[in-house]
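Below is upload_2.txt, holding compact mmCIF, N, CA and C atoms.
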```txt
# COMPACT_ATOMS: atom_id res chain seq x y z
N MET A 1 0.84 -1.20 0.00
CA MET A 1 0.00 0.00 0.00
C MET A 1 0.88 1.24 0.00
N THR A 2 0.40 2.26 -0.66
CA THR A 2 1.10 3.55 -0.64
C THR A 2 0.66 4.33 0.59
N SER A 3 1.39 5.40 0.90
CA SER A 3 1.01 6.23 2.05
C SER A 3 -0.37 6.86 1.85
N VAL A 4 -0.71 7.20 0.64
CA VAL A 4 -2.03 7.77 0.35
C VAL A 4 -3.12 6.74 0.62
N GLU A 5 -2.87 5.50 0.22
CA GLU A 5 -3.85 4.43 0.44
C GLU A 5 -4.01 4.11 1.94
N ILE A 6 -2.90 4.13 2.68
CA ILE A 6 -2.96 3.88 4.13
C ILE A 6 -3.77 4.97 4.82
N ARG A 7 -3.45 6.23 4.49
CA ARG A 7 -4.16 7.36 5.08
C ARG A 7 -5.65 7.29 4.78
N ASP A 8 -5.99 7.02 3.52
CA ASP A 8 -7.39 6.95 3.11
C ASP A 8 -8.12 5.80 3.81
N ALA A 9 -7.48 4.64 3.89
CA ALA A 9 -8.10 3.49 4.56
C ALA A 9 -8.35 3.79 6.04
N PHE A 10 -7.40 4.44 6.70
CA PHE A 10 -7.54 4.82 8.11
C PHE A 10 -8.74 5.76 8.29
N LEU A 11 -8.77 6.81 7.50
CA LEU A 11 -9.85 7.80 7.64
C LEU A 11 -11.21 7.21 7.28
N ARG A 12 -11.28 6.41 6.23
CA ARG A 12 -12.55 5.79 5.84
C ARG A 12 -13.04 4.81 6.91
N PHE A 13 -12.12 4.08 7.55
CA PHE A 13 -12.52 3.16 8.62
C PHE A 13 -13.20 3.94 9.75
N PHE A 14 -12.57 5.01 10.22
CA PHE A 14 -13.15 5.76 11.33
C PHE A 14 -14.39 6.54 10.91
N GLU A 15 -14.44 6.95 9.65
CA GLU A 15 -15.66 7.57 9.15
C GLU A 15 -16.82 6.57 9.21
N SER A 16 -16.55 5.30 8.93
CA SER A 16 -17.60 4.27 9.01
C SER A 16 -18.04 4.00 10.44
N LYS A 17 -17.25 4.46 11.42
CA LYS A 17 -17.58 4.31 12.84
C LYS A 17 -18.07 5.63 13.44
N ALA A 18 -18.67 6.47 12.59
CA ALA A 18 -19.30 7.74 12.99
C ALA A 18 -18.32 8.82 13.46
N HIS A 19 -17.09 8.77 12.95
CA HIS A 19 -16.13 9.84 13.23
C HIS A 19 -16.20 10.87 12.10
N HIS A 20 -16.21 12.13 12.47
CA HIS A 20 -16.16 13.22 11.50
C HIS A 20 -14.70 13.42 11.10
N ILE A 21 -14.41 13.48 9.81
CA ILE A 21 -13.04 13.67 9.34
C ILE A 21 -12.72 15.16 9.33
N VAL A 22 -11.65 15.54 10.03
CA VAL A 22 -11.24 16.95 10.08
C VAL A 22 -9.92 17.10 9.35
N PRO A 23 -9.70 18.26 8.72
CA PRO A 23 -8.44 18.46 8.00
C PRO A 23 -7.28 18.69 8.96
N SER A 24 -6.10 18.53 8.44
CA SER A 24 -4.89 18.81 9.21
C SER A 24 -4.85 20.29 9.56
N ALA A 25 -4.48 20.60 10.80
CA ALA A 25 -4.28 22.00 11.20
C ALA A 25 -2.94 22.48 10.61
N PRO A 26 -2.74 23.78 10.52
CA PRO A 26 -1.46 24.28 10.00
C PRO A 26 -0.29 23.82 10.88
N MET A 27 0.88 23.63 10.27
CA MET A 27 2.06 23.25 11.05
C MET A 27 2.61 24.42 11.85
N VAL A 28 2.46 25.64 11.35
CA VAL A 28 2.89 26.83 12.09
C VAL A 28 1.67 27.37 12.82
N ILE A 29 1.74 27.37 14.14
CA ILE A 29 0.59 27.76 14.97
C ILE A 29 0.63 29.26 15.22
N LYS A 30 -0.50 29.93 14.97
CA LYS A 30 -0.54 31.39 15.09
C LYS A 30 -1.23 31.89 16.35
N ASN A 31 -2.18 31.14 16.91
CA ASN A 31 -2.97 31.66 18.02
C ASN A 31 -2.68 30.98 19.35
N ASP A 32 -1.50 30.40 19.51
CA ASP A 32 -1.13 29.74 20.75
C ASP A 32 0.32 30.08 21.08
N PRO A 33 0.54 30.95 22.07
CA PRO A 33 1.92 31.35 22.39
C PRO A 33 2.75 30.25 23.03
N THR A 34 2.13 29.11 23.40
CA THR A 34 2.88 28.02 24.03
C THR A 34 3.47 27.05 23.02
N LEU A 35 3.04 27.14 21.76
CA LEU A 35 3.55 26.25 20.71
C LEU A 35 3.93 27.06 19.48
N MET A 36 5.09 26.75 18.91
CA MET A 36 5.49 27.40 17.67
C MET A 36 5.06 26.56 16.47
N PHE A 37 5.20 25.23 16.62
CA PHE A 37 4.86 24.30 15.54
C PHE A 37 3.92 23.23 16.06
N THR A 38 3.13 22.64 15.17
CA THR A 38 2.32 21.48 15.52
C THR A 38 3.27 20.29 15.63
N ASN A 39 3.41 19.75 16.85
CA ASN A 39 4.33 18.63 17.06
C ASN A 39 3.63 17.33 17.44
N ALA A 40 2.29 17.35 17.45
CA ALA A 40 1.53 16.15 17.80
C ALA A 40 0.13 16.26 17.19
N GLY A 41 -0.49 15.12 16.99
CA GLY A 41 -1.81 15.09 16.38
C GLY A 41 -2.90 15.72 17.23
N MET A 42 -2.67 15.86 18.53
CA MET A 42 -3.70 16.41 19.41
C MET A 42 -3.65 17.93 19.54
N ASN A 43 -2.64 18.58 18.99
CA ASN A 43 -2.50 20.03 19.18
C ASN A 43 -3.73 20.83 18.80
N GLN A 44 -4.37 20.48 17.69
CA GLN A 44 -5.53 21.26 17.25
C GLN A 44 -6.73 21.08 18.18
N PHE A 45 -6.68 20.09 19.06
CA PHE A 45 -7.77 19.84 20.00
C PHE A 45 -7.43 20.28 21.43
N LYS A 46 -6.34 21.00 21.59
CA LYS A 46 -5.84 21.40 22.91
C LYS A 46 -6.91 22.12 23.74
N ASP A 47 -7.60 23.08 23.16
CA ASP A 47 -8.62 23.83 23.91
C ASP A 47 -9.79 22.94 24.34
N ILE A 48 -10.10 21.92 23.57
CA ILE A 48 -11.16 20.98 23.96
C ILE A 48 -10.69 20.17 25.16
N PHE A 49 -9.45 19.64 25.10
CA PHE A 49 -8.92 18.85 26.21
C PHE A 49 -8.80 19.67 27.49
N LEU A 50 -8.48 20.95 27.35
CA LEU A 50 -8.34 21.82 28.52
C LEU A 50 -9.68 22.35 29.03
N GLY A 51 -10.76 22.08 28.30
CA GLY A 51 -12.08 22.54 28.72
C GLY A 51 -12.37 23.98 28.36
N ASN A 52 -11.55 24.58 27.49
CA ASN A 52 -11.74 25.98 27.08
C ASN A 52 -12.74 26.14 25.96
N SER A 53 -13.06 25.05 25.26
CA SER A 53 -14.06 25.11 24.19
C SER A 53 -14.73 23.75 24.09
N LYS A 54 -15.88 23.74 23.43
CA LYS A 54 -16.64 22.50 23.24
C LYS A 54 -16.32 21.93 21.86
N ALA A 55 -16.36 20.62 21.77
CA ALA A 55 -16.13 19.95 20.49
C ALA A 55 -17.36 20.10 19.60
N GLU A 56 -17.13 20.36 18.32
CA GLU A 56 -18.24 20.43 17.36
C GLU A 56 -18.81 19.04 17.09
N HIS A 57 -17.95 18.02 17.16
CA HIS A 57 -18.34 16.64 16.89
C HIS A 57 -17.81 15.77 18.03
N PRO A 58 -18.58 14.79 18.50
CA PRO A 58 -18.11 13.95 19.60
C PRO A 58 -16.99 12.98 19.22
N ARG A 59 -16.90 12.65 17.92
CA ARG A 59 -15.85 11.75 17.43
C ARG A 59 -15.24 12.36 16.17
N VAL A 60 -13.93 12.41 16.12
CA VAL A 60 -13.25 12.90 14.92
C VAL A 60 -12.05 12.01 14.61
N ALA A 61 -11.61 12.08 13.37
CA ALA A 61 -10.38 11.41 12.93
C ALA A 61 -9.65 12.38 12.01
N ASP A 62 -8.31 12.28 12.01
CA ASP A 62 -7.53 13.19 11.17
C ASP A 62 -6.18 12.59 10.81
N SER A 63 -5.55 13.23 9.86
CA SER A 63 -4.17 12.97 9.50
C SER A 63 -3.46 14.30 9.65
N GLN A 64 -2.76 14.47 10.78
CA GLN A 64 -2.18 15.76 11.14
C GLN A 64 -0.71 15.85 10.72
N LYS A 65 -0.38 16.89 9.96
CA LYS A 65 1.02 17.15 9.61
C LYS A 65 1.72 17.69 10.87
N CYS A 66 2.88 17.12 11.20
CA CYS A 66 3.60 17.48 12.41
C CYS A 66 5.06 17.80 12.10
N LEU A 67 5.67 18.60 12.96
CA LEU A 67 7.08 18.96 12.85
C LEU A 67 7.67 18.91 14.24
N ARG A 68 8.75 18.16 14.41
CA ARG A 68 9.43 18.10 15.70
C ARG A 68 10.85 18.61 15.51
N VAL A 69 11.17 19.68 16.23
CA VAL A 69 12.49 20.27 16.07
C VAL A 69 13.21 20.53 17.39
N SER A 70 12.50 20.62 18.50
CA SER A 70 13.16 20.88 19.77
C SER A 70 12.20 20.61 20.92
N GLY A 71 12.69 20.76 22.13
CA GLY A 71 11.84 20.59 23.30
C GLY A 71 11.70 19.14 23.71
N LYS A 72 10.57 18.82 24.33
CA LYS A 72 10.33 17.49 24.89
C LYS A 72 10.49 16.39 23.85
N HIS A 73 9.98 16.61 22.65
CA HIS A 73 10.02 15.59 21.60
C HIS A 73 11.13 15.89 20.61
N ASN A 74 12.35 16.06 21.10
CA ASN A 74 13.48 16.38 20.23
C ASN A 74 13.99 15.10 19.58
N ASP A 75 13.60 14.89 18.34
CA ASP A 75 14.01 13.70 17.60
C ASP A 75 15.22 13.97 16.69
N LEU A 76 15.74 15.18 16.69
CA LEU A 76 16.79 15.52 15.73
C LEU A 76 18.02 14.63 15.86
N GLU A 77 18.40 14.25 17.06
CA GLU A 77 19.59 13.43 17.25
C GLU A 77 19.40 12.01 16.73
N GLU A 78 18.14 11.58 16.54
CA GLU A 78 17.86 10.23 16.08
C GLU A 78 17.54 10.14 14.59
N VAL A 79 17.35 11.28 13.93
CA VAL A 79 17.01 11.27 12.51
C VAL A 79 18.13 10.61 11.71
N GLY A 80 17.76 9.66 10.86
CA GLY A 80 18.73 8.98 10.02
C GLY A 80 19.35 7.74 10.64
N ARG A 81 19.16 7.53 11.93
CA ARG A 81 19.73 6.36 12.60
C ARG A 81 18.83 5.13 12.50
N ASP A 82 17.55 5.36 12.27
CA ASP A 82 16.60 4.26 12.15
C ASP A 82 15.53 4.67 11.15
N THR A 83 14.50 3.85 11.02
CA THR A 83 13.47 4.12 10.01
C THR A 83 12.26 4.85 10.56
N TYR A 84 12.26 5.26 11.84
CA TYR A 84 11.05 5.87 12.38
C TYR A 84 11.25 7.21 13.08
N HIS A 85 12.45 7.77 13.11
CA HIS A 85 12.64 9.11 13.67
C HIS A 85 12.76 10.11 12.53
N HIS A 86 11.78 10.99 12.44
CA HIS A 86 11.72 12.00 11.39
C HIS A 86 11.46 13.36 12.02
N THR A 87 11.67 14.41 11.27
CA THR A 87 11.35 15.74 11.77
C THR A 87 10.02 16.23 11.24
N MET A 88 9.61 15.78 10.07
CA MET A 88 8.30 16.13 9.52
C MET A 88 7.58 14.84 9.17
N PHE A 89 6.34 14.72 9.65
CA PHE A 89 5.60 13.48 9.45
C PHE A 89 4.12 13.76 9.60
N GLU A 90 3.28 12.78 9.27
CA GLU A 90 1.84 12.86 9.49
C GLU A 90 1.48 11.88 10.60
N MET A 91 0.64 12.34 11.52
CA MET A 91 0.18 11.50 12.62
C MET A 91 -1.30 11.22 12.41
N LEU A 92 -1.65 9.94 12.28
CA LEU A 92 -3.04 9.54 12.14
C LEU A 92 -3.66 9.46 13.53
N GLY A 93 -4.85 10.03 13.68
CA GLY A 93 -5.48 10.01 15.00
C GLY A 93 -6.98 9.83 14.93
N ASN A 94 -7.51 9.19 15.96
CA ASN A 94 -8.96 9.14 16.13
C ASN A 94 -9.25 9.59 17.56
N TRP A 95 -10.28 10.42 17.72
CA TRP A 95 -10.52 11.12 18.97
C TRP A 95 -11.98 11.02 19.38
N SER A 96 -12.19 10.90 20.68
CA SER A 96 -13.53 10.93 21.25
C SER A 96 -13.56 12.02 22.31
N PHE A 97 -14.52 12.89 22.22
CA PHE A 97 -14.66 13.98 23.19
C PHE A 97 -15.90 13.73 24.03
N GLY A 98 -15.76 12.85 25.03
CA GLY A 98 -16.86 12.53 25.92
C GLY A 98 -17.84 11.54 25.38
N ASP A 99 -17.54 10.91 24.25
CA ASP A 99 -18.48 9.99 23.61
C ASP A 99 -18.22 8.54 24.02
N TYR A 100 -16.98 8.13 24.11
CA TYR A 100 -16.66 6.79 24.59
C TYR A 100 -15.32 6.85 25.30
N PHE A 101 -15.10 5.89 26.19
CA PHE A 101 -13.90 5.89 27.01
C PHE A 101 -13.32 4.49 27.10
N LYS A 102 -12.02 4.40 27.36
CA LYS A 102 -11.42 3.10 27.65
C LYS A 102 -11.75 2.74 29.09
N LYS A 103 -11.90 1.45 29.38
CA LYS A 103 -12.15 1.01 30.74
C LYS A 103 -10.91 1.17 31.58
```
As structure tokens, the full file:
Amino acid sequence: MTSVEIRDAFLRFFESKAHHIVPSAPMVIKNDPTLMFTNAGMNQFKDIFLGNSKAEHPRVADSQKCLRVSGKHNDLEEVGRDTYHHTMFEMLGNWSFGDYFKK
């Protein structure tokens, strides 16, 4: 499978489970002084997790473009040493905002 096929299969699977598909947020964050770049798939949902805003949909899925360059998730020293440390990547995610929980 190609990366496009993997991404599409992931999103279509969660869409079939009543998840709303949301687009990737920008990698350069403009309205959050605590983050310069999107470094994780959950960044665009930060205000929902913090209780500062309500979710438009109880279930969502996305393919978020991410960039890791410094701080807690500093992968720069590992880039090129293996097949899974990168600085720019897409993170596939499925999210529930009060709709279902793990036991």
Could you tell me, as a PDB file with N, CA and C atoms, in the coordinates of the input, which residues of chain A DSSP assigns to alpha helix (DSSP H) when given the backbone?
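Everything below was put into result_16.pdb:
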```
ATOM      1  N   SER A   3       1.390   5.400   0.900  1.00  0.00           N
ATOM      2  CA  SER A   3       1.010   6.230   2.050  1.00  0.00           C
ATOM      3  C   SER A   3      -0.370   6.860   1.850  1.00  0.00           C
ATOM      4  N   VAL A   4      -0.710   7.200   0.640  1.00  0.00           N
ATOM      5  CA  VAL A   4      -2.030   7.770   0.350  1.00  0.00           C
ATOM      6  C   VAL A   4      -3.120   6.740   0.620  1.00  0.00           C
ATOM      7  N   GLU A   5      -2.870   5.500   0.220  1.00  0.00           N
ATOM      8  CA  GLU A   5      -3.850   4.430   0.440  1.00  0.00           C
ATOM      9  C   GLU A   5      -4.010   4.110   1.940  1.00  0.00           C
ATOM     10  N   ILE A   6      -2.900   4.130   2.680  1.00  0.00           N
ATOM     11  CA  ILE A   6      -2.960   3.880   4.130  1.00  0.00           C
ATOM     12  C   ILE A   6      -3.770   4.970   4.820  1.00  0.00           C
ATOM     13  N   ARG A   7      -3.450   6.230   4.490  1.00  0.00           N
ATOM     14  CA  ARG A   7      -4.160   7.360   5.080  1.00  0.00           C
ATOM     15  C   ARG A   7      -5.650   7.290   4.780  1.00  0.00           C
ATOM     16  N   ASP A   8      -5.990   7.020   3.520  1.00  0.00           N
ATOM     17  CA  ASP A   8      -7.390   6.950   3.110  1.00  0.00           C
ATOM     18  C   ASP A   8      -8.120   5.800   3.810  1.00  0.00           C
ATOM     19  N   ALA A   9      -7.480   4.640   3.890  1.00  0.00           N
ATOM     20  CA  ALA A   9      -8.100   3.490   4.560  1.00  0.00           C
ATOM     21  C   ALA A   9      -8.350   3.790   6.040  1.00  0.00           C
ATOM     22  N   PHE A  10      -7.400   4.440   6.700  1.00  0.00           N
ATOM     23  CA  PHE A  10      -7.540   4.820   8.110  1.00  0.00           C
ATOM     24  C   PHE A  10      -8.740   5.760   8.290  1.00  0.00           C
ATOM     25  N   LEU A  11      -8.770   6.810   7.500  1.00  0.00           N
ATOM     26  CA  LEU A  11      -9.850   7.800   7.640  1.00  0.00           C
ATOM     27  C   LEU A  11     -11.210   7.210   7.280  1.00  0.00           C
ATOM     28  N   ARG A  12     -11.280   6.410   6.230  1.00  0.00           N
ATOM     29  CA  ARG A  12     -12.550   5.790   5.840  1.00  0.00           C
ATOM     30  C   ARG A  12     -13.040   4.810   6.910  1.00  0.00           C
ATOM     31  N   PHE A  13     -12.120   4.080   7.550  1.00  0.00           N
ATOM     32  CA  PHE A  13     -12.520   3.160   8.620  1.00  0.00           C
ATOM     33  C   PHE A  13     -13.200   3.940   9.750  1.00  0.00           C
ATOM     34  N   PHE A  14     -12.570   5.010  10.220  1.00  0.00           N
ATOM     35  CA  PHE A  14     -13.150   5.760  11.330  1.00  0.00           C
ATOM     36  C   PHE A  14     -14.390   6.540  10.910  1.00  0.00           C
ATOM     37  N   GLU A  15     -14.440   6.950   9.650  1.00  0.00           N
ATOM     38  CA  GLU A  15     -15.660   7.570   9.150  1.00  0.00           C
ATOM     39  C   GLU A  15     -16.820   6.570   9.210  1.00  0.00           C
ATOM     40  N   SER A  16     -16.550   5.300   8.930  1.00  0.00           N
ATOM     41  CA  SER A  16     -17.600   4.270   9.010  1.00  0.00           C
ATOM     42  C   SER A  16     -18.040   4.000  10.440  1.00  0.00           C
ATOM     43  N   LYS A  46      -6.340  21.000  21.590  1.00  0.00           N
ATOM     44  CA  LYS A  46      -5.840  21.400  22.910  1.00  0.00           C
ATOM     45  C   LYS A  46      -6.910  22.120  23.740  1.00  0.00           C
ATOM     46  N   ASP A  47      -7.600  23.080  23.160  1.00  0.00           N
ATOM     47  CA  ASP A  47      -8.620  23.830  23.910  1.00  0.00           C
ATOM     48  C   ASP A  47      -9.790  22.940  24.340  1.00  0.00           C
ATOM     49  N   ILE A  48     -10.100  21.920  23.570  1.00  0.00           N
ATOM     50  CA  ILE A  48     -11.160  20.980  23.960  1.00  0.00           C
ATOM     51  C   ILE A  48     -10.690  20.170  25.160  1.00  0.00           C
ATOM     52  N   PHE A  49      -9.450  19.640  25.100  1.00  0.00           N
ATOM     53  CA  PHE A  49      -8.920  18.850  26.210  1.00  0.00           C
ATOM     54  C   PHE A  49      -8.800  19.670  27.490  1.00  0.00           C
TER      55      PHE A  49
END
```
Tell me, as number ranges by chain, which residues lie within 7 Å of Ala40 (chain A), counting all atoms listed in the file; anything in the same chain fewer than 2 positions away does not count.
-> A: 37-38, 42-44, 64-67, 91
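In this model, the gap between atom C of Phe101 (chain A) and CA of His20 (chain A) comes to 18.1 Å.
Residue nearest Gly93 (chain A) within the list A:Lys30, A:Asn39, A:Leu11, A:Asp47: A:Leu11 [criterion: smallest interatomic distance, only N, CA and C atoms].
Using only C-alpha atoms for every distance, the candidate list A:Lys17, A:Arg68, A:His57, A:Arg12 yields A:His57 as the residue closest to Gly98 (chain A).
All residues in chain A with a DSSP state of strand (DSSP E), computed from the backbone, read A:His20, A:Ile21, A:Arg59, A:Val60, A:Ala61, A:Asp62, A:Ser63, A:Gln64, A:Lys65, A:Cys66, A:Leu67, A:Met88, A:Phe89, A:Glu90, A:Met91, A:Leu92, A:Gly93, A:Asn94, A:Trp95, A:Ser96.
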Can you tell me, as JSON, numbers by chain, what residues are no more than 5 Å from His19 (chain A) when counting all atoms listed in the file, ignoring any on the same chain fewer than 6 positions away?
-> {"A": [59, 60, 61]}
Atomic separation - CA of Gly41 (chain A) relative to atom C of Phe10 (chain A), Å = 14.2 Å
Once all heavy atoms are restored for region 44-55 of chain A, what would the output be as a compact mmCIF listing (two decimals), keeping the file's coordinate frame?
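The file below, part24.txt, is the result:
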```txt
# COMPACT_ATOMS: atom_id res chain seq x y z
N GLN A 44 -4.37 20.48 17.69
CA GLN A 44 -5.53 21.26 17.25
C GLN A 44 -6.73 21.08 18.18
O GLN A 44 -7.69 21.85 18.11
CB GLN A 44 -5.90 20.96 15.80
CG GLN A 44 -6.43 19.57 15.55
CD GLN A 44 -6.88 19.42 14.11
OE1 GLN A 44 -7.71 20.19 13.63
NE2 GLN A 44 -6.34 18.43 13.42
N PHE A 45 -6.68 20.09 19.06
CA PHE A 45 -7.77 19.84 20.00
C PHE A 45 -7.43 20.28 21.43
O PHE A 45 -8.16 19.98 22.37
CB PHE A 45 -8.14 18.36 19.99
CG PHE A 45 -8.39 17.83 18.61
CD1 PHE A 45 -7.58 16.85 18.07
CD2 PHE A 45 -9.43 18.32 17.83
CE1 PHE A 45 -7.79 16.37 16.79
CE2 PHE A 45 -9.66 17.85 16.55
CZ PHE A 45 -8.83 16.87 16.03
N LYS A 46 -6.34 21.00 21.59
CA LYS A 46 -5.84 21.40 22.91
C LYS A 46 -6.91 22.12 23.74
O LYS A 46 -7.11 21.79 24.91
CB LYS A 46 -4.60 22.28 22.73
CG LYS A 46 -3.99 22.75 24.02
CD LYS A 46 -2.76 23.60 23.71
CE LYS A 46 -2.24 24.26 24.96
NZ LYS A 46 -1.09 25.13 24.67
N ASP A 47 -7.60 23.08 23.16
CA ASP A 47 -8.62 23.83 23.91
C ASP A 47 -9.79 22.94 24.34
O ASP A 47 -10.38 23.16 25.40
CB ASP A 47 -9.14 25.02 23.10
CG ASP A 47 -8.16 26.18 23.11
OD1 ASP A 47 -7.34 26.26 24.04
OD2 ASP A 47 -8.22 27.00 22.19
N ILE A 48 -10.10 21.92 23.57
CA ILE A 48 -11.16 20.98 23.96
C ILE A 48 -10.69 20.17 25.16
O ILE A 48 -11.41 20.02 26.15
CB ILE A 48 -11.53 20.05 22.79
CG1 ILE A 48 -12.12 20.87 21.63
CG2 ILE A 48 -12.52 18.98 23.24
CD1 ILE A 48 -12.27 20.10 20.34
N PHE A 49 -9.45 19.64 25.10
CA PHE A 49 -8.92 18.85 26.21
C PHE A 49 -8.80 19.67 27.49
O PHE A 49 -9.00 19.15 28.59
CB PHE A 49 -7.55 18.26 25.86
CG PHE A 49 -7.59 17.21 24.78
CD1 PHE A 49 -6.72 17.25 23.71
CD2 PHE A 49 -8.49 16.15 24.84
CE1 PHE A 49 -6.75 16.28 22.72
CE2 PHE A 49 -8.53 15.17 23.88
CZ PHE A 49 -7.65 15.24 22.81
N LEU A 50 -8.48 20.95 27.35
CA LEU A 50 -8.34 21.82 28.52
C LEU A 50 -9.68 22.35 29.03
O LEU A 50 -9.74 23.01 30.07
CB LEU A 50 -7.42 23.01 28.19
CG LEU A 50 -5.96 22.65 27.93
CD1 LEU A 50 -5.19 23.88 27.48
CD2 LEU A 50 -5.32 22.04 29.17
N GLY A 51 -10.76 22.08 28.30
CA GLY A 51 -12.08 22.54 28.72
C GLY A 51 -12.37 23.98 28.36
O GLY A 51 -13.32 24.58 28.85
N ASN A 52 -11.55 24.58 27.49
CA ASN A 52 -11.74 25.98 27.08
C ASN A 52 -12.74 26.14 25.96
O ASN A 52 -13.20 27.25 25.69
CB ASN A 52 -10.40 26.59 26.65
CG ASN A 52 -9.41 26.62 27.79
OD1 ASN A 52 -9.79 26.70 28.95
ND2 ASN A 52 -8.14 26.54 27.46
N SER A 53 -13.06 25.05 25.26
CA SER A 53 -14.06 25.11 24.19
C SER A 53 -14.73 23.75 24.09
O SER A 53 -14.22 22.75 24.58
CB SER A 53 -13.43 25.51 22.86
OG SER A 53 -12.54 24.53 22.42
N LYS A 54 -15.88 23.74 23.43
CA LYS A 54 -16.64 22.50 23.24
C LYS A 54 -16.32 21.93 21.86
O LYS A 54 -16.08 22.67 20.90
CB LYS A 54 -18.13 22.79 23.34
CG LYS A 54 -18.55 23.23 24.72
CD LYS A 54 -19.77 22.48 25.11
CE LYS A 54 -20.15 22.87 26.53
NZ LYS A 54 -20.40 21.72 27.34
N ALA A 55 -16.36 20.62 21.77
CA ALA A 55 -16.13 19.95 20.49
C ALA A 55 -17.36 20.10 19.60
O ALA A 55 -18.48 19.99 20.07
CB ALA A 55 -15.83 18.48 20.73
```
